[in-house]
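What follows is data-v3.txt (compact mmCIF, C-alpha atoms).
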```
# COMPACT_ATOMS: atom_id res chain seq x y z
CA MET A 1 0.00 0.00 0.00
CA MET A 2 1.58 3.25 -1.03
CA GLY A 3 0.86 6.86 -1.84
CA LYS A 4 2.43 8.95 -4.55
CA SER A 5 6.14 8.31 -4.73
CA LEU A 6 7.76 10.50 -2.13
CA SER A 7 10.68 9.82 0.12
CA PHE A 8 12.27 11.58 3.06
CA PRO A 9 15.78 11.03 4.43
CA MET A 10 15.80 8.98 7.63
CA ARG A 11 17.64 11.78 9.42
CA GLY A 12 14.84 14.20 8.58
CA GLU A 13 12.23 11.76 9.82
CA LEU A 14 14.01 11.37 13.13
CA LEU A 15 14.49 15.11 13.45
CA VAL A 16 10.77 15.71 13.05
CA LEU A 17 10.01 12.91 15.51
CA VAL A 18 12.35 14.33 18.13
CA ALA A 19 11.05 17.88 17.64
CA CYS A 20 7.39 16.87 17.98
CA ALA A 21 8.12 14.62 20.96
CA ALA A 22 10.15 17.37 22.65
CA VAL A 23 7.33 19.91 22.30
CA SER A 24 4.80 17.34 23.61
CA LEU A 25 6.99 16.49 26.59
CA THR A 26 7.59 20.16 27.37
CA LEU A 27 3.85 20.74 27.50
CA LEU A 28 3.30 17.60 29.55
CA LEU A 29 5.93 18.54 32.11
CA LEU A 30 4.51 22.00 32.77
CA PRO A 31 2.90 22.44 36.21
CA ALA A 32 -0.73 21.27 36.18
CA ASP A 33 -2.27 24.73 36.50
CA THR A 34 0.02 26.18 33.84
CA ARG A 35 -0.89 23.32 31.47
CA ILE A 36 -4.55 24.22 31.74
CA LEU A 37 -3.86 27.92 31.19
CA VAL A 38 -1.63 27.20 28.17
CA ALA A 39 -4.28 24.90 26.71
CA ASP A 40 -6.91 27.54 27.31
CA ARG A 41 -4.93 30.18 25.42
CA LEU A 42 -4.04 27.81 22.57
CA GLY A 43 -7.64 26.65 22.36
CA LEU A 44 -8.87 30.21 21.85
CA VAL A 45 -6.98 30.27 18.58
CA LEU A 46 -6.97 26.65 17.41
CA THR A 47 -10.21 25.02 18.42
CA SER A 48 -12.57 27.55 19.95
CA PRO A 49 -14.08 28.80 16.65
CA TYR A 50 -14.80 25.23 15.56
CA TYR A 51 -16.33 24.27 18.91
CA ARG A 52 -18.50 27.37 18.95
CA VAL A 53 -19.98 26.63 15.55
CA ARG A 54 -20.46 22.95 16.29
CA ASP A 55 -21.92 23.50 19.74
CA PHE A 56 -24.26 26.19 18.46
CA GLY A 57 -25.63 23.80 15.83
CA GLN A 58 -26.09 21.04 18.38
CA ASP A 59 -27.66 23.38 20.93
CA VAL A 60 -30.18 24.71 18.44
CA LEU A 61 -31.26 21.17 17.64
CA ARG A 62 -31.72 20.31 21.28
CA THR A 63 -33.28 23.52 22.52
CA ARG A 64 -36.86 22.50 21.85
CA ASP A 65 -36.50 19.23 23.73
CA ASP A 66 -34.72 20.96 26.57
CA ASN A 67 -37.48 23.53 26.86
CA ALA A 68 -40.06 20.80 27.24
CA TRP A 69 -38.01 19.15 29.97
CA LEU A 70 -37.39 22.45 31.69
CA ARG A 71 -41.11 23.26 31.81
CA LYS A 72 -41.71 19.86 33.32
CA ARG A 73 -39.01 20.42 35.90
CA VAL A 74 -40.26 23.90 36.78
CA ALA A 75 -43.70 22.46 37.43
CA GLU A 76 -42.20 19.70 39.57
CA MET A 77 -40.05 22.13 41.51
CA GLU A 78 -42.98 24.41 42.21
CA LEU A 79 -44.78 21.45 43.71
CA LEU A 80 -41.69 20.46 45.69
CA ALA A 81 -41.24 24.00 46.94
CA ALA A 82 -44.80 24.04 48.18
CA THR A 83 -44.22 20.71 49.89
CA GLY A 84 -41.03 22.03 51.45
CA GLU A 85 -42.79 25.06 52.84
CA ARG A 86 -45.41 22.81 54.42
CA MET A 87 -42.65 20.63 55.92
CA GLN A 88 -40.87 23.70 57.22
CA ARG A 89 -44.03 24.93 58.92
CA ASP A 90 -44.49 21.49 60.47
CA ALA A 91 -40.84 21.22 61.51
CA GLY A 92 -41.02 24.60 63.20
CA ARG A 93 -43.01 23.00 65.95
CA LEU A 94 -40.36 20.28 66.51
CA ALA A 95 -36.66 20.10 67.50
CA GLY A 96 -34.03 21.17 64.94
CA PRO A 97 -32.58 18.59 62.50
CA ALA A 98 -29.45 16.67 63.46
CA LEU A 99 -28.08 16.59 59.92
CA ASP A 100 -27.27 19.18 57.31
CA PRO A 101 -30.51 19.22 55.29
CA GLY A 102 -28.66 19.77 52.03
CA PHE A 103 -28.57 22.40 49.32
CA ASP A 104 -28.84 25.98 50.53
CA GLY A 105 -26.60 27.85 48.09
CA ASP A 106 -26.94 29.52 44.73
CA MET A 107 -26.75 27.80 41.38
CA VAL A 108 -24.90 29.63 38.63
CA PRO A 109 -26.06 28.50 35.17
CA CYS A 110 -23.19 27.90 32.77
CA ARG A 111 -22.97 26.87 29.15
CA VAL A 112 -20.56 24.06 28.31
CA VAL A 113 -18.33 25.59 25.64
CA VAL A 114 -15.65 22.94 25.18
CA ARG A 115 -16.75 19.37 25.42
CA GLN A 116 -15.22 16.33 23.86
CA ARG A 117 -16.55 12.92 23.22
CA ALA A 118 -13.45 10.90 23.81
CA ARG A 119 -12.56 7.75 25.65
CA PHE A 120 -10.46 9.56 28.20
CA ALA A 121 -12.11 12.98 28.40
CA THR A 122 -12.05 14.29 31.95
CA LEU A 123 -12.53 18.05 31.66
CA VAL A 124 -15.09 20.40 30.16
CA LYS A 125 -14.91 24.17 29.89
CA VAL A 126 -17.89 26.20 31.06
CA HIS A 127 -18.93 29.78 30.46
CA SER A 128 -21.07 31.48 33.08
CA LEU A 129 -24.08 33.48 31.94
CA MET A 130 -23.18 36.11 34.55
CA PRO A 131 -19.93 37.20 36.23
CA VAL A 132 -19.36 35.07 39.30
CA GLN A 133 -16.82 34.97 42.11
CA TRP A 134 -16.22 31.25 41.85
CA GLN A 135 -13.39 29.23 43.30
CA PRO A 136 -11.68 25.95 42.51
CA TRP A 137 -13.34 22.85 43.97
CA GLN A 138 -16.87 24.22 43.98
CA PRO A 139 -19.29 21.49 42.92
CA VAL A 140 -20.82 21.39 39.46
CA ILE A 141 -24.10 19.63 38.77
CA SER A 142 -26.29 19.05 35.76
CA SER A 143 -30.05 18.77 35.79
CA SER A 144 -29.59 15.01 36.30
CA GLY A 145 -27.05 14.98 39.10
CA TYR A 146 -23.51 15.59 40.31
CA LEU A 147 -21.07 16.16 37.46
CA GLY A 148 -17.75 17.24 38.92
CA ARG A 149 -16.00 20.24 40.43
CA LEU A 150 -14.27 23.40 39.28
CA ARG A 151 -10.66 22.63 38.49
CA GLU A 152 -9.24 25.88 37.15
CA VAL A 153 -10.83 29.28 37.12
CA ILE A 154 -9.80 31.31 34.07
CA ASN A 155 -11.77 34.49 34.82
CA ASP A 156 -15.12 35.48 36.32
CA ARG A 157 -16.97 33.85 33.43
CA ASP A 158 -14.82 30.94 32.25
CA ALA A 159 -13.57 27.91 34.11
CA TRP A 160 -12.56 24.29 33.55
CA VAL A 161 -14.53 21.58 35.28
CA GLU A 162 -13.02 18.27 36.28
CA LEU A 163 -15.53 15.51 35.66
CA LEU A 164 -16.30 12.67 38.02
CA THR A 165 -14.73 10.39 35.39
CA ALA A 166 -11.21 11.73 36.09
CA PRO A 167 -9.09 8.79 37.31
CA ASP A 168 -8.01 10.37 40.61
CA PHE A 169 -11.42 11.78 41.49
CA ALA A 170 -12.88 10.81 44.87
CA LEU A 171 -16.20 11.98 46.23
CA GLY A 172 -17.76 11.50 49.65
CA VAL A 173 -21.15 9.88 49.14
CA GLU A 174 -24.03 8.64 51.21
CA ILE A 175 -26.49 5.88 50.49
CA GLU A 176 -29.73 7.75 50.95
CA ARG A 177 -31.88 4.89 52.28
CA THR A 178 -29.52 3.83 55.06
CA GLY A 179 -27.30 6.86 55.59
CA LEU A 180 -24.14 4.77 55.05
CA LEU A 181 -21.10 6.78 54.04
CA GLY A 182 -18.50 5.82 51.45
CA VAL A 183 -16.08 7.18 48.87
CA LEU A 184 -17.05 7.10 45.21
CA ARG A 185 -14.28 6.57 42.65
CA PRO A 186 -14.29 5.96 38.89
CA ARG A 187 -13.08 2.55 37.80
CA GLY A 188 -12.96 1.89 34.08
CA ASP A 189 -16.39 2.56 32.65
CA THR A 190 -18.11 2.25 36.01
CA PHE A 191 -18.07 3.91 39.40
CA VAL A 192 -17.51 2.10 42.67
CA ILE A 193 -18.06 3.00 46.29
CA ASP A 194 -15.20 2.14 48.62
CA MET A 195 -15.12 1.92 52.39
CA VAL A 196 -18.53 0.35 52.97
CA GLY A 197 -18.29 -2.68 55.25
CA ARG A 198 -19.01 -6.12 53.80
CA ASP A 199 -21.98 -6.74 56.10
CA GLU A 200 -23.72 -3.42 55.56
CA ASP A 201 -27.21 -3.18 54.13
CA VAL A 202 -26.77 -2.12 50.50
CA VAL A 203 -28.99 -3.30 47.67
CA PRO A 204 -29.23 -2.55 43.95
CA GLY A 205 -31.56 0.36 43.33
CA ASP A 206 -30.40 2.36 46.35
CA ARG A 207 -29.96 6.03 45.53
CA VAL A 208 -26.54 7.58 46.15
CA ILE A 209 -26.16 11.24 47.08
CA THR A 210 -23.25 13.47 48.04
CA SER A 211 -22.53 13.21 51.75
CA GLY A 212 -21.31 16.72 52.43
CA ILE A 213 -18.30 15.32 54.25
CA ALA A 214 -15.19 17.51 53.94
CA GLU A 215 -12.96 16.65 51.01
CA ILE A 216 -9.22 16.58 50.63
CA LYS A 217 -8.18 19.26 48.19
CA GLU A 218 -4.87 19.91 46.47
CA GLY A 219 -3.12 23.26 46.34
CA ASP A 220 -1.99 25.84 48.81
CA ALA A 221 -5.05 28.03 49.00
CA ASP A 222 -7.78 26.36 51.00
CA PRO A 223 -11.09 27.73 49.78
CA GLY A 224 -12.72 26.66 53.04
CA GLY A 225 -16.42 26.02 53.26
CA ALA A 226 -17.10 28.08 50.15
CA ALA A 227 -16.06 25.10 48.04
CA LEU A 228 -17.62 22.35 50.09
CA THR A 229 -19.78 19.88 48.23
CA GLN A 230 -23.04 20.04 50.07
CA ARG A 231 -25.10 17.06 51.09
CA GLY A 232 -27.88 15.78 48.90
CA PHE A 233 -26.86 16.13 45.25
CA PRO A 234 -27.91 12.98 43.40
CA VAL A 235 -24.87 10.99 42.28
CA GLY A 236 -26.36 7.78 40.93
CA THR A 237 -28.02 4.49 41.64
CA ILE A 238 -26.44 1.28 42.87
CA VAL A 239 -26.56 -1.41 40.20
CA GLN A 240 -24.55 -4.12 41.91
CA ALA A 241 -23.48 -4.80 45.49
CA TYR A 242 -21.73 -7.89 46.75
CA ALA A 243 -19.19 -8.97 49.34
CA VAL A 244 -15.79 -10.00 48.02
CA PRO A 245 -14.36 -13.15 49.64
CA ASP A 246 -11.69 -12.20 52.18
CA GLY A 247 -12.47 -8.52 51.64
CA LEU A 248 -13.28 -6.08 54.40
CA PHE A 249 -15.44 -3.90 52.21
CA LYS A 250 -18.36 -4.47 49.90
CA MET A 251 -17.92 -4.10 46.15
CA ILE A 252 -20.55 -1.57 45.09
CA GLU A 253 -21.05 -0.44 41.50
CA VAL A 254 -22.92 2.75 40.75
CA GLU A 255 -24.69 3.94 37.62
CA PRO A 256 -24.12 7.72 37.53
CA ALA A 257 -27.14 9.99 37.44
CA ALA A 258 -25.51 12.59 35.20
CA SER A 259 -24.33 12.10 31.64
CA PHE A 260 -20.68 12.95 31.09
CA ASP A 261 -20.87 12.74 27.29
CA PHE A 262 -23.19 15.60 26.54
CA ASN A 263 -24.16 18.53 28.70
CA GLU A 264 -25.52 21.77 27.35
CA THR A 265 -26.13 23.62 30.59
CA VAL A 266 -24.58 22.90 33.96
CA PHE A 267 -24.80 24.65 37.32
CA VAL A 268 -21.92 25.66 39.54
CA VAL A 269 -23.06 25.57 43.14
CA THR A 270 -21.84 28.56 45.09
CA PRO A 271 -22.64 29.52 48.66
CA MET A 272 -25.26 32.18 49.25
CA VAL A 273 -23.64 35.60 48.69
CA ALA A 274 -24.25 36.58 52.31
CA GLU A 275 -22.43 33.48 53.50
CA ILE A 276 -19.10 34.32 51.83
CA GLY A 277 -16.73 36.22 54.02
CA PRO A 278 -13.31 37.67 53.26
CA GLY A 279 -11.05 35.15 51.49
CA GLY A 280 -14.01 33.16 50.28
CA THR A 281 -14.72 31.53 53.61
CA PRO A 282 -18.20 31.61 55.02
CA MET B 1 1.05 19.45 -3.96
CA ARG B 2 -2.59 18.83 -4.88
CA PHE B 3 -2.18 15.29 -3.62
CA TYR B 4 -1.13 16.59 -0.21
CA LEU B 5 -3.96 19.08 -0.12
CA ARG B 6 -6.52 16.36 -0.90
CA LEU B 7 -4.92 14.04 1.62
CA VAL B 8 -4.88 16.63 4.42
CA LEU B 9 -8.47 17.67 3.71
CA PHE B 10 -9.62 14.05 3.70
CA CYS B 11 -7.81 13.22 6.94
CA ALA B 12 -9.05 16.39 8.63
CA ALA B 13 -12.60 15.56 7.60
CA VAL B 14 -12.26 12.01 8.91
CA ALA B 15 -10.75 13.16 12.21
CA PHE B 16 -13.05 16.06 13.00
CA PHE B 17 -16.39 15.29 11.39
CA GLY B 18 -15.97 11.58 11.96
CA GLY B 19 -15.17 12.01 15.62
CA THR B 20 -17.71 14.70 16.42
CA THR B 21 -20.61 13.98 14.08
CA VAL B 22 -20.49 10.46 12.65
CA GLY B 23 -19.08 8.76 15.73
CA PRO B 24 -21.99 9.50 18.09
CA VAL B 25 -24.48 8.44 15.43
CA ILE B 26 -22.93 5.04 14.77
CA ALA B 27 -21.83 4.38 18.35
CA ILE B 28 -22.95 1.04 19.79
CA LYS B 29 -23.44 1.24 23.55
CA GLY B 30 -21.11 4.21 23.65
CA VAL B 31 -18.40 2.52 21.59
CA ALA B 32 -17.49 4.40 18.43
CA PRO B 33 -14.53 4.07 16.07
CA ASP B 34 -11.54 6.26 16.87
CA PHE B 35 -11.64 8.47 13.80
CA THR B 36 -8.53 10.39 14.83
CA ILE B 37 -6.44 7.24 14.67
CA LEU B 38 -8.16 6.22 11.45
CA ALA B 39 -7.12 9.56 9.95
CA MET B 40 -3.57 8.99 11.16
CA VAL B 41 -3.45 5.52 9.61
CA ILE B 42 -4.53 6.95 6.25
CA LEU B 43 -2.06 9.83 6.52
CA GLY B 44 0.84 7.63 7.57
CA LEU B 45 0.24 4.95 4.96
CA ALA B 46 -0.35 7.50 2.20
CA ALA B 47 2.42 9.98 2.88
CA GLY B 48 5.06 8.44 5.10
CA SER B 49 6.78 9.22 8.37
CA ILE B 50 7.21 12.99 8.36
CA PRO B 51 3.60 13.86 7.47
CA GLY B 52 2.48 11.03 9.76
CA THR B 53 4.49 12.37 12.68
CA ILE B 54 3.45 15.99 12.19
CA GLY B 55 -0.16 14.98 11.56
CA GLY B 56 -0.19 12.86 14.69
CA PHE B 57 1.30 15.67 16.74
CA VAL B 58 -1.25 18.22 15.47
CA LEU B 59 -4.24 15.91 15.91
CA GLY B 60 -3.06 14.94 19.39
CA LEU B 61 -2.50 18.56 20.36
CA VAL B 62 -6.00 19.49 19.20
CA GLN B 63 -7.41 16.65 21.30
CA ASP B 64 -5.26 17.75 24.25
CA LEU B 65 -6.78 21.22 24.14
CA ALA B 66 -10.09 19.71 25.14
CA THR B 67 -8.48 17.74 27.98
CA PRO B 68 -5.92 20.25 29.20
CA SER B 69 -5.07 18.53 32.45
CA LEU B 70 -2.92 16.20 30.34
CA LEU B 71 -1.79 18.71 27.72
CA GLY B 72 0.86 17.09 25.53
CA LEU B 73 0.06 13.47 26.31
CA GLN B 74 -2.15 12.75 23.31
CA ALA B 75 0.28 14.73 21.16
CA LEU B 76 3.16 12.61 22.40
CA CYS B 77 1.37 9.28 21.87
CA LYS B 78 0.13 10.24 18.43
CA THR B 79 3.52 11.60 17.39
CA PHE B 80 5.09 8.18 17.93
CA LEU B 81 2.11 6.40 16.42
CA GLY B 82 2.25 8.61 13.33
CA PHE B 83 5.95 7.92 12.96
CA GLY B 84 5.40 4.17 13.25
CA LEU B 85 2.54 4.18 10.77
CA GLY B 86 4.62 6.22 8.35
CA ARG B 87 7.42 3.67 8.59
CA LEU B 88 4.90 0.99 7.59
CA ARG B 89 4.26 2.75 4.30
CA GLY B 90 5.21 0.53 1.41
CA ARG B 91 5.65 -2.49 3.67
CA LEU B 92 2.03 -3.68 3.75
CA VAL B 93 0.17 -5.83 1.24
CA HIS B 94 -2.10 -3.54 -0.75
CA GLY B 95 -5.85 -4.03 -0.68
CA MET B 96 -6.11 -6.71 2.03
CA PRO B 97 -8.98 -5.79 4.34
CA LEU B 98 -7.74 -8.04 7.13
CA VAL B 99 -4.32 -6.38 7.08
CA GLU B 100 -5.85 -2.92 7.10
CA ALA B 101 -8.23 -3.76 9.94
CA THR B 102 -5.38 -5.26 11.95
CA VAL B 103 -3.18 -2.19 11.48
CA VAL B 104 -5.99 0.10 12.64
CA ALA B 105 -6.90 -2.08 15.63
CA LEU B 106 -3.28 -2.45 16.73
CA SER B 107 -2.78 1.30 16.37
CA VAL B 108 -5.68 1.97 18.74
CA VAL B 109 -4.38 -0.56 21.25
CA ALA B 110 -0.78 0.69 21.06
CA HIS B 111 -1.88 4.29 21.47
CA ASP B 112 -4.06 3.54 24.48
CA VAL B 113 -1.46 1.37 26.19
CA VAL B 114 1.13 4.15 26.02
CA PHE B 115 -1.49 6.73 26.98
CA LEU B 116 -2.65 4.80 30.04
CA ILE B 117 0.87 3.98 31.20
CA ILE B 118 1.91 7.64 31.11
CA ARG B 119 -1.38 8.84 32.59
CA SER B 120 -1.21 6.39 35.45
CA SER B 121 2.28 7.59 36.26
CA LEU B 122 1.07 11.21 36.29
CA SER B 123 -2.07 10.71 38.37
CA GLU B 124 -3.08 8.51 41.26
CA GLY B 125 -5.53 6.37 39.31
CA GLY B 126 -4.14 3.25 37.60
CA ASP B 127 -7.11 2.83 35.32
CA PHE B 128 -5.98 -0.14 33.22
CA ILE B 129 -9.44 -1.70 33.29
CA SER B 130 -10.22 0.80 30.54
CA LEU B 131 -7.90 -1.16 28.32
CA PHE B 132 -10.41 -4.02 28.28
CA THR B 133 -13.68 -2.17 28.67
CA ARG B 134 -13.02 0.67 26.27
CA THR B 135 -9.92 0.16 24.18
CA LEU B 136 -10.57 -3.35 22.85
CA PRO B 137 -14.15 -2.66 21.69
CA VAL B 138 -13.04 0.62 20.13
CA ALA B 139 -10.11 -1.14 18.45
CA LEU B 140 -12.39 -3.77 16.92
CA TYR B 141 -14.93 -1.21 15.76
CA SER B 142 -12.18 1.04 14.40
CA GLY B 143 -10.73 -1.90 12.51
CA LEU B 144 -14.06 -2.55 10.80
CA ALA B 145 -14.60 1.13 10.05
CA GLY B 146 -11.01 1.32 8.83
CA ILE B 147 -11.70 -1.21 6.07
CA LEU B 148 -14.38 1.06 4.66
CA LEU B 149 -12.44 4.30 5.08
CA LEU B 150 -9.26 2.90 3.59
CA ARG B 151 -11.28 1.67 0.60
CA ILE B 152 -12.68 5.18 0.19
CA ALA B 153 -9.17 6.65 0.45
CA ASP B 154 -8.00 4.12 -2.11
CA TYR B 155 -10.87 5.03 -4.42
CA LEU B 156 -9.98 8.71 -4.12
CA GLY B 157 -6.42 7.93 -5.17
CA LEU B 158 -4.86 8.65 -1.81
CA LEU B 159 -3.55 5.13 -1.33
CA ARG B 160 -2.03 3.40 -4.31
CA GLN B 161 -0.20 0.21 -4.99
CA GLU B 162 3.43 0.84 -5.64
CA ASP B 163 4.26 0.75 -9.32
```

As structure tokens, what does this structure read like?
Amino acid sequence: MMGKSLSFPMRGELLVLVACAAVSLTLLLLPADTRILVADRLGLVLTSPYYRVRDFGQDVLRTRDDNAWLRKRVAEMELLAATGERMQRDAGRLAGPALDPGFDGDMVPCRVVVRQRARFATLVKVHSLMPVQWQPWQPVISSSGYLGRLREVINDRDAWVELLTAPDFALGVEIERTGLLGVLRPRGDTFVIDMVGRDEDVVPGDRVITSGIAEIKEGDADPGGAALTQRGFPVGTIVQAYAVPDGLFKMIEVEPAASFDFNETVFVVTPMVAEIGPGGTP
Amino acid sequence: MRFYLRLVLFCAAVAFFGGTTVGPVIAIKGVAPDFTILAMVILGLAAGSIPGTIGGFVLGLVQDLATPSLLGLQALCKTFLGFGLGRLRGRLVHGMPLVEATVVALSVVAHDVVFLIIRSSLSEGGDFISLFTRTLPVALYSGLAGILLLRIADYLGLLRQED
């Protein structure tokens, strides 16, 4: 099999190979934050125009369906809000709750501007519809469930989000029915929950939510509670749970609630404005 | 020169439109052919090592821009893959679908093995299960799609039997 007759000297071939490999290695060996910033700048020139056109076409096609779903969700949420108010009135007559009840922040709607369908894609870039004082590690959710967390903030409108599919991602989760706590990690195409004892009550179909337990975060600047993943975001559903022979912990597989392949709009969860103090801490 | 222009346009179309538009449509349970590697196979076999290496580097870099936490890794893997595919030029039996499918499938596997080894050394997660759950199905599907695409490239005069 052969193209038009064309030959290159071996020395030239090796020179090109070494040059390309050297540039690749240089990029790869940059500090993690610098890598993301360099990619962001390069992407503005090389890929951003293409992604914008492609994403616009896809978004237009999906807008009608999304509107229908949104109307449905608005109706559901109005009903839920009414239920919540009733519960609040009832709870006012009782003792306060022992646990964090869950979401009490703001959701910042963001468009996903760089998304890639690839086998090993772990980041998406989002563009906020309004300027926002966001910080790394703040949780990001879609309308279906927990998606990931802010990895690198570019400016007050653009940021990169690390998806739950990233190989070193770990998320504190809770099995809603029993209140059992564990750590969710990606493994291949699936997600597993570690640290749940082999004799615990876990069955397929159990809903998994974020636990709100403090997370370990990299980097020098600790964003404090402003970046805490709150309790109660849906993460997925357990599809398989069994005890491994000689193992201390149960093997639990989870089907994620959110789709990591295609997201048009996502929400960055920020604390209520009044809750943020100097330095981003509540 | 016109040959190169046609070749680059064809490979770019395969890599970008194949990966972003055709791939999701023909995906089976989330498994779609790797059109970027298919484009590299065509480029390497049609034009040789230097275009294969540069093409691999550029395609990898473009992919890296969408996954910037590992900027340079896809470029590095595809640079070596492009070089290897270019070195295969003129050494394969022309017009044998099984050979073409095997080259494509092995390219996908080789790329992903190198990718996963380097990624696991850079991050905490040693995610080699992906090799079986994602890479092998994609390699098989890419091999099948490669037969068709290489026939199209052949028909367009991009791949020709050596005189």

Please build the interface table for chain B against chain A with a cut-off of 8 Å, listing for each qualifying residue the nearest atom pair and the distance in Å to one decimal; count all atoms listed in the file, order rows by chain and increasing number, and write it as JSON lines.
```
{"residue": "B:Phe3", "atom": "CA", "partner": "A:Lys4", "partner_atom": "CA", "distance": 7.9}
{"residue": "B:Gly19", "atom": "CA", "partner": "A:Arg117", "partner_atom": "CA", "distance": 7.8}
{"residue": "B:Thr20", "atom": "CA", "partner": "A:Arg117", "partner_atom": "CA", "distance": 7.1}
{"residue": "B:Leu45", "atom": "CA", "partner": "A:Met2", "partner_atom": "CA", "distance": 6.4}
{"residue": "B:Ala46", "atom": "CA", "partner": "A:Gly3", "partner_atom": "CA", "distance": 4.3}
{"residue": "B:Ala47", "atom": "CA", "partner": "A:Gly3", "partner_atom": "CA", "distance": 5.9}
{"residue": "B:Gly48", "atom": "CA", "partner": "A:Ser7", "partner_atom": "CA", "distance": 7.6}
{"residue": "B:Ser49", "atom": "CA", "partner": "A:Glu13", "partner_atom": "CA", "distance": 6.2}
{"residue": "B:Ile50", "atom": "CA", "partner": "A:Glu13", "partner_atom": "CA", "distance": 5.4}
{"residue": "B:Thr53", "atom": "CA", "partner": "A:Leu17", "partner_atom": "CA", "distance": 6.2}
{"residue": "B:Ile54", "atom": "CA", "partner": "A:Cys20", "partner_atom": "CA", "distance": 7.1}
{"residue": "B:Phe57", "atom": "CA", "partner": "A:Cys20", "partner_atom": "CA", "distance": 6.3}
{"residue": "B:Val62", "atom": "CA", "partner": "A:Thr47", "partner_atom": "CA", "distance": 7.0}
{"residue": "B:Asp64", "atom": "CA", "partner": "A:Ala39", "partner_atom": "CA", "distance": 7.6}
{"residue": "B:Leu65", "atom": "CA", "partner": "A:Ala39", "partner_atom": "CA", "distance": 5.1}
{"residue": "B:Ala66", "atom": "CA", "partner": "A:Gln116", "partner_atom": "CA", "distance": 6.3}
{"residue": "B:Thr67", "atom": "CA", "partner": "A:Leu123", "partner_atom": "CA", "distance": 5.5}
{"residue": "B:Pro68", "atom": "CA", "partner": "A:Ile36", "partner_atom": "CA", "distance": 4.9}
{"residue": "B:Ser69", "atom": "CA", "partner": "A:Ile36", "partner_atom": "CA", "distance": 5.8}
{"residue": "B:Leu70", "atom": "CA", "partner": "A:Leu28", "partner_atom": "CA", "distance": 6.4}
{"residue": "B:Leu71", "atom": "CA", "partner": "A:Leu28", "partner_atom": "CA", "distance": 5.5}
{"residue": "B:Gly72", "atom": "CA", "partner": "A:Ser24", "partner_atom": "CA", "distance": 4.4}
{"residue": "B:Leu73", "atom": "CA", "partner": "A:Leu28", "partner_atom": "CA", "distance": 6.2}
{"residue": "B:Ala75", "atom": "CA", "partner": "A:Ser24", "partner_atom": "CA", "distance": 5.8}
{"residue": "B:Leu76", "atom": "CA", "partner": "A:Ser24", "partner_atom": "CA", "distance": 5.2}
{"residue": "B:Thr79", "atom": "CA", "partner": "A:Ala21", "partner_atom": "CA", "distance": 6.6}
{"residue": "B:Phe80", "atom": "CA", "partner": "A:Leu17", "partner_atom": "CA", "distance": 7.2}
{"residue": "B:Phe83", "atom": "CA", "partner": "A:Leu17", "partner_atom": "CA", "distance": 6.9}
{"residue": "B:Arg89", "atom": "CA", "partner": "A:Met2", "partner_atom": "CA", "distance": 6.0}
{"residue": "B:Gly90", "atom": "CA", "partner": "A:Met2", "partner_atom": "CA", "distance": 5.2}
{"residue": "B:Arg91", "atom": "CA", "partner": "A:Met1", "partner_atom": "CA", "distance": 7.2}
{"residue": "B:Leu92", "atom": "CA", "partner": "A:Met1", "partner_atom": "CA", "distance": 5.6}
{"residue": "B:Val93", "atom": "CA", "partner": "A:Met1", "partner_atom": "CA", "distance": 6.0}
{"residue": "B:His94", "atom": "CA", "partner": "A:Met1", "partner_atom": "CA", "distance": 4.2}
{"residue": "B:Gly95", "atom": "CA", "partner": "A:Met1", "partner_atom": "CA", "distance": 7.1}
{"residue": "B:Ser123", "atom": "CA", "partner": "A:Asp168", "partner_atom": "CA", "distance": 6.4}
{"residue": "B:Glu124", "atom": "CA", "partner": "A:Asp168", "partner_atom": "CA", "distance": 5.3}
{"residue": "B:Gly125", "atom": "CA", "partner": "A:Pro167", "partner_atom": "CA", "distance": 4.7}
{"residue": "B:Gly126", "atom": "CA", "partner": "A:Pro167", "partner_atom": "CA", "distance": 7.4}
{"residue": "B:Asp127", "atom": "CA", "partner": "A:Gly188", "partner_atom": "CA", "distance": 6.1}
{"residue": "B:Phe128", "atom": "CA", "partner": "A:Gly188", "partner_atom": "CA", "distance": 7.3}
{"residue": "B:Ile129", "atom": "CA", "partner": "A:Gly188", "partner_atom": "CA", "distance": 5.1}
{"residue": "B:Ser130", "atom": "CA", "partner": "A:Gly188", "partner_atom": "CA", "distance": 4.6}
{"residue": "B:Thr133", "atom": "CA", "partner": "A:Asp189", "partner_atom": "CA", "distance": 6.7}
{"residue": "B:Arg134", "atom": "CA", "partner": "A:Arg119", "partner_atom": "CA", "distance": 7.1}
{"residue": "B:Leu158", "atom": "CA", "partner": "A:Gly3", "partner_atom": "CA", "distance": 6.0}
{"residue": "B:Leu159", "atom": "CA", "partner": "A:Gly3", "partner_atom": "CA", "distance": 4.8}
{"residue": "B:Arg160", "atom": "CA", "partner": "A:Met2", "partner_atom": "CA", "distance": 4.9}
{"residue": "B:Gln161", "atom": "CA", "partner": "A:Met1", "partner_atom": "CA", "distance": 5.0}
{"residue": "B:Glu162", "atom": "CA", "partner": "A:Met2", "partner_atom": "CA", "distance": 5.5}
```

Check: Do you know which residues are at most 12 Å from region 137-144 of chain B counting all atoms listed in the file, after dropping those on the same chain fewer than 4 positions away, and could you put them as an MDAnalysis selection string?
Finding: (chainID A and resid 118:119) or (chainID B and resid 18:19 23 26:39 41 97:113 130:133 148:151)

Margin query: If I take CA of Ser142 (chain A) and CA of Glu85 (chain A), how far is one from the other in Å, to one decimal?
Written below: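 One can read the CA of Ser142 (chain A) to CA of Glu85 (chain A) distance as 24.5 Å.
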
Item checked: Point-to-point distance in Å for CA of Val60 (chain A) and CA of Pro256 (chain A) -> 26.3 Å
